[in-house]
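Notes for the one structure printed next.
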Amino acid sequence: MSNLGASSNSLLSSVTEPCLEDPKNEKANMDLIFERYKDRFTALPKEKGWHTKNLYLYQGHWYPSKYLFSIANVMGSQETFQANPTDIYLATLPKSGTTWMKALMFAIVNRTKYKNNSLSTHMLLLSNPHDCLPFIENEILRTNPTSVVENCPRIFATHTPYTSLPQSIIDCSCRIVYMCRNPKDVLVSLFHFANKLRDDSLGPITFEEAFKMFCEGVTPSGPYWDHVKGYYKARLEHPTRILYLTYENMSADTANNVKHLAEFLGYPFTKEEEAAGIVEEVVKMCSFENLREVNKHGNIRAGIPKPAFFREGKVGDWNNHLSDEMSQILDQITKEKFHGLDISF
Ligand code: PAP
């Protein structure tokens with residue numbers, strides 16, 4: 001592996017993107033899953049959604065009525081998903097750095113496979129990280145789920161809160177990486193993302209509306225604070241099983257965090273690799289600038305435009321969106337919700 005930057009894009013034009021499942025099948029399966037579970041959730045409390053019409057409250061958290069990560073998908077994954085002890089899970093609240101972490105984990109674990117190959121075969125230069133590393137919530141939509149493939153380790157992502165994970169993940173000794181991010185930047189990122197995805201019939205959401213919904217905890221897989229606390233507390237109980245990272249720390253010192261992450265995943269960098277600059281190459285390949293360049297066009301398999309996952313990629317963009325009053329309100333809520341816990345950004 002060397003020189004893994006976006007400047008190599010011209011090499012990619014003749015290479016076909018990996019495709020694990022026909023999106024049409026996923027759409028049809030989504031309708032089936034919706035029908036299967038709709039009687040169970042239509043009576044649950046609901047509120048106006050962000051990128052979907054509604055969010056439903058299930059086991060203390062909010063989920064879209066339909067679409068990816070829907071309440072039906074979560075119910076379905078709880079019933080059907082089977083974890084293996086060798087699995088690795090990336091858990092995030094949406095807009096906390098999922099795409100970045102998917103890229104880093106994929107690059108770390110697969111680095112030997114791509115070592116001597118031509119650049120043009122690296123999945124991260126051919127497709128979006130979301131198409132390299134599946135979500136457990138979407139496995140149920142697949143006719144041929146990735147979870148039955150005998151890869152070792154299998155790596156999955158999830159937005160599901162710790163307390164609602166499929167029981168087999170909780171019970172087995174698999175590793176979980178949790179990435180969280182400053183609530184103000186999550187709010188801003190979610191606001192922009194939702195407006196990119198919102199159906200024309202719903203109209204745009206205003207920042208004031210978004211702020212109110214966020215403060216009330218009504219966000220996909222939210223409340224924000226409960227999601228963070230769930231994994232934080234689980235990590236206190238299982239310190240060797242759960243790695244807790246923040247977007248802010250990862251941004252401040254990516255190389256050292258990547259080394260630490262690689263150790264946790266069981267793929268530590270050797271002295272030789274470090275001397276050869278492989279850590280820096282992984283960091284560069286997964287950088288915001290590189291991934292944004294690779295993902296300038298097209299949609300991920302789930303139909304979302306690839307550029308929607310790359311906006312600013314900065315810490316502190318909330319400064320450009322929140323008034324002083326909004327900032328103070330969020331600080332106060334965060335202080336109360338995280339009282340007694342050593343959580344900071
Ligand atoms: P998801 O949970 O829907 O997959 P997620 O990837 O967590 O979304 O969030 C996208 C955010 O991560 C965006 O933040 P912003 O809106 O504040 O800009 C996006 O820009 C940022 N992001 C994506 N890729 C990277 C990266 N490689 N490095 C740093 N930030 C990134």
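We label chains A, B, ... in the order they appear in the structure tokens, count residues from 1 in each chain, and number ligands from 1 in the order shown.
For range 235-239 of chain A, the residues within 12 Å (counting only C-alpha atoms, excluding itself and residues fewer than 4 positions away along the chain) are Tyr162, Ile170, Asp171, Cys172, Ser173, Cys174, Arg175, Ile176, Val177, Tyr178, Val228, Lys229, Gly230, Tyr231, Leu243, Tyr244, Leu245, Phe264, Leu341 and Asp342 of chain A.
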For N, CA, C and O atoms, I'd like the residues from the last selection saved as a PDB file, in the first residue's frame.
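As a result, result_38.pdb now contains:
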```
ATOM      1  N   TYR A 162     -26.973   1.000  22.920  1.00  0.00           N
ATOM      2  CA  TYR A 162     -26.449  -0.224  23.544  1.00  0.00           C
ATOM      3  C   TYR A 162     -27.571  -1.087  24.107  1.00  0.00           C
ATOM      4  O   TYR A 162     -27.589  -2.303  23.921  1.00  0.00           O
ATOM      5  N   ILE A 170     -24.684  -8.352  22.837  1.00  0.00           N
ATOM      6  CA  ILE A 170     -24.427  -8.087  24.262  1.00  0.00           C
ATOM      7  C   ILE A 170     -23.802  -9.327  24.916  1.00  0.00           C
ATOM      8  O   ILE A 170     -22.869  -9.223  25.706  1.00  0.00           O
ATOM      9  N   ASP A 171     -24.330 -10.499  24.567  1.00  0.00           N
ATOM     10  CA  ASP A 171     -23.919 -11.726  25.253  1.00  0.00           C
ATOM     11  C   ASP A 171     -22.543 -12.242  24.841  1.00  0.00           C
ATOM     12  O   ASP A 171     -21.860 -12.884  25.628  1.00  0.00           O
ATOM     13  N   CYS A 172     -22.166 -12.017  23.589  1.00  0.00           N
ATOM     14  CA  CYS A 172     -20.880 -12.606  23.178  1.00  0.00           C
ATOM     15  C   CYS A 172     -19.751 -11.619  23.462  1.00  0.00           C
ATOM     16  O   CYS A 172     -19.973 -10.461  23.774  1.00  0.00           O
ATOM     17  N   SER A 173     -18.540 -12.093  23.353  1.00  0.00           N
ATOM     18  CA  SER A 173     -17.423 -11.266  23.819  1.00  0.00           C
ATOM     19  C   SER A 173     -16.831 -10.413  22.700  1.00  0.00           C
ATOM     20  O   SER A 173     -15.668 -10.050  22.745  1.00  0.00           O
ATOM     21  N   CYS A 174     -17.631 -10.090  21.697  1.00  0.00           N
ATOM     22  CA  CYS A 174     -17.097  -9.337  20.554  1.00  0.00           C
ATOM     23  C   CYS A 174     -16.726  -7.905  20.962  1.00  0.00           C
ATOM     24  O   CYS A 174     -17.206  -7.383  21.963  1.00  0.00           O
ATOM     25  N   ARG A 175     -15.856  -7.313  20.150  1.00  0.00           N
ATOM     26  CA  ARG A 175     -15.390  -5.955  20.468  1.00  0.00           C
ATOM     27  C   ARG A 175     -16.312  -4.892  19.851  1.00  0.00           C
ATOM     28  O   ARG A 175     -16.839  -5.086  18.762  1.00  0.00           O
ATOM     29  N   ILE A 176     -16.438  -3.786  20.579  1.00  0.00           N
ATOM     30  CA  ILE A 176     -17.262  -2.671  20.101  1.00  0.00           C
ATOM     31  C   ILE A 176     -16.436  -1.382  20.168  1.00  0.00           C
ATOM     32  O   ILE A 176     -15.820  -1.087  21.199  1.00  0.00           O
ATOM     33  N   VAL A 177     -16.406  -0.656  19.068  1.00  0.00           N
ATOM     34  CA  VAL A 177     -15.771   0.671  19.055  1.00  0.00           C
ATOM     35  C   VAL A 177     -16.908   1.691  19.068  1.00  0.00           C
ATOM     36  O   VAL A 177     -17.775   1.649  18.190  1.00  0.00           O
ATOM     37  N   TYR A 178     -16.923   2.550  20.059  1.00  0.00           N
ATOM     38  CA  TYR A 178     -17.952   3.601  20.088  1.00  0.00           C
ATOM     39  C   TYR A 178     -17.311   4.946  19.801  1.00  0.00           C
ATOM     40  O   TYR A 178     -16.325   5.323  20.427  1.00  0.00           O
ATOM     41  N   VAL A 228     -25.094   8.194  24.111  1.00  0.00           N
ATOM     42  CA  VAL A 228     -23.694   8.284  24.575  1.00  0.00           C
ATOM     43  C   VAL A 228     -23.546   7.601  25.935  1.00  0.00           C
ATOM     44  O   VAL A 228     -22.637   6.789  26.148  1.00  0.00           O
ATOM     45  N   LYS A 229     -24.471   7.895  26.835  1.00  0.00           N
ATOM     46  CA  LYS A 229     -24.370   7.328  28.191  1.00  0.00           C
ATOM     47  C   LYS A 229     -24.461   5.806  28.172  1.00  0.00           C
ATOM     48  O   LYS A 229     -23.775   5.126  28.925  1.00  0.00           O
ATOM     49  N   GLY A 230     -25.306   5.276  27.296  1.00  0.00           N
ATOM     50  CA  GLY A 230     -25.479   3.820  27.230  1.00  0.00           C
ATOM     51  C   GLY A 230     -24.158   3.117  26.932  1.00  0.00           C
ATOM     52  O   GLY A 230     -23.770   2.157  27.616  1.00  0.00           O
ATOM     53  N   TYR A 231     -23.443   3.592  25.928  1.00  0.00           N
ATOM     54  CA  TYR A 231     -22.160   2.953  25.577  1.00  0.00           C
ATOM     55  C   TYR A 231     -21.069   3.302  26.587  1.00  0.00           C
ATOM     56  O   TYR A 231     -20.205   2.484  26.896  1.00  0.00           O
ATOM     57  N   LEU A 243     -14.190   0.130  23.156  1.00  0.00           N
ATOM     58  CA  LEU A 243     -13.264   1.256  23.011  1.00  0.00           C
ATOM     59  C   LEU A 243     -14.103   2.510  22.785  1.00  0.00           C
ATOM     60  O   LEU A 243     -14.977   2.529  21.919  1.00  0.00           O
ATOM     61  N   TYR A 244     -13.831   3.537  23.569  1.00  0.00           N
ATOM     62  CA  TYR A 244     -14.633   4.750  23.526  1.00  0.00           C
ATOM     63  C   TYR A 244     -13.786   5.877  22.928  1.00  0.00           C
ATOM     64  O   TYR A 244     -12.739   6.242  23.482  1.00  0.00           O
ATOM     65  N   LEU A 245     -14.207   6.390  21.796  1.00  0.00           N
ATOM     66  CA  LEU A 245     -13.435   7.425  21.099  1.00  0.00           C
ATOM     67  C   LEU A 245     -14.307   8.659  20.882  1.00  0.00           C
ATOM     68  O   LEU A 245     -15.532   8.551  20.837  1.00  0.00           O
ATOM     69  N   PHE A 264      -6.527  -2.215  19.431  1.00  0.00           N
ATOM     70  CA  PHE A 264      -7.791  -2.703  19.978  1.00  0.00           C
ATOM     71  C   PHE A 264      -8.453  -3.707  19.034  1.00  0.00           C
ATOM     72  O   PHE A 264      -9.024  -4.717  19.472  1.00  0.00           O
ATOM     73  N   LEU A 341     -20.487  11.889  35.242  1.00  0.00           N
ATOM     74  CA  LEU A 341     -19.753  11.048  34.290  1.00  0.00           C
ATOM     75  C   LEU A 341     -18.592  11.850  33.701  1.00  0.00           C
ATOM     76  O   LEU A 341     -18.710  13.059  33.479  1.00  0.00           O
ATOM     77  N   ASP A 342     -17.512  11.183  33.438  1.00  0.00           N
ATOM     78  CA  ASP A 342     -16.333  11.861  32.920  1.00  0.00           C
ATOM     79  C   ASP A 342     -16.409  11.917  31.387  1.00  0.00           C
ATOM     80  O   ASP A 342     -15.636  11.272  30.683  1.00  0.00           O
TER      81      ASP A 342
END
```
Query raised in the report: Residues at most 8 Å from ligand 1, using only C-alpha atoms and all ligand atoms? Could they come as an MDAnalysis selection string?
Result: chainID A and resid 92:101 103 130 159 185:186 188:190 192:193 247 251 286:292 308:315 317
Requested in this report: Check the DSSP output for the backbone and give back, as a PyMOL selection string, the residues of range 206-315 of chain A in helix (DSSP H, G or I).
Outcome: chain A and resi 207-215+224-237+247-252+254-265+271-275+278-285+288-294+306-309
Query raised in the report: Any idea what's packed within 12 Å of Ala194 in chain A, counting only C-alpha atoms, ignoring anything in its chain fewer than 2 positions away? Could you give it as a count of residues only?
Result: 32
**Report entry** Nearest to Arg36 in chain A by atom-to-atom distance, counting only C-alpha atoms, from A:Gln59, A:Lys306, A:Gly76, A:Ile278
**Finding:** A:Gly76
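Restricting the calculation to only C-alpha atoms, the smallest distance between Ile155 in chain A and any of A:Thr121, A:Thr240, A:Asn110, A:Asn182 is found for A:Asn110.
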Requested in this report: Please return as a PyMOL selection string: the residues of range 84-322 of chain A that backbone DSSP assigns to strand (DSSP E or B).
Outcome: chain A and resi 88-92+135+155-158+175-180+220+242-246+299+305
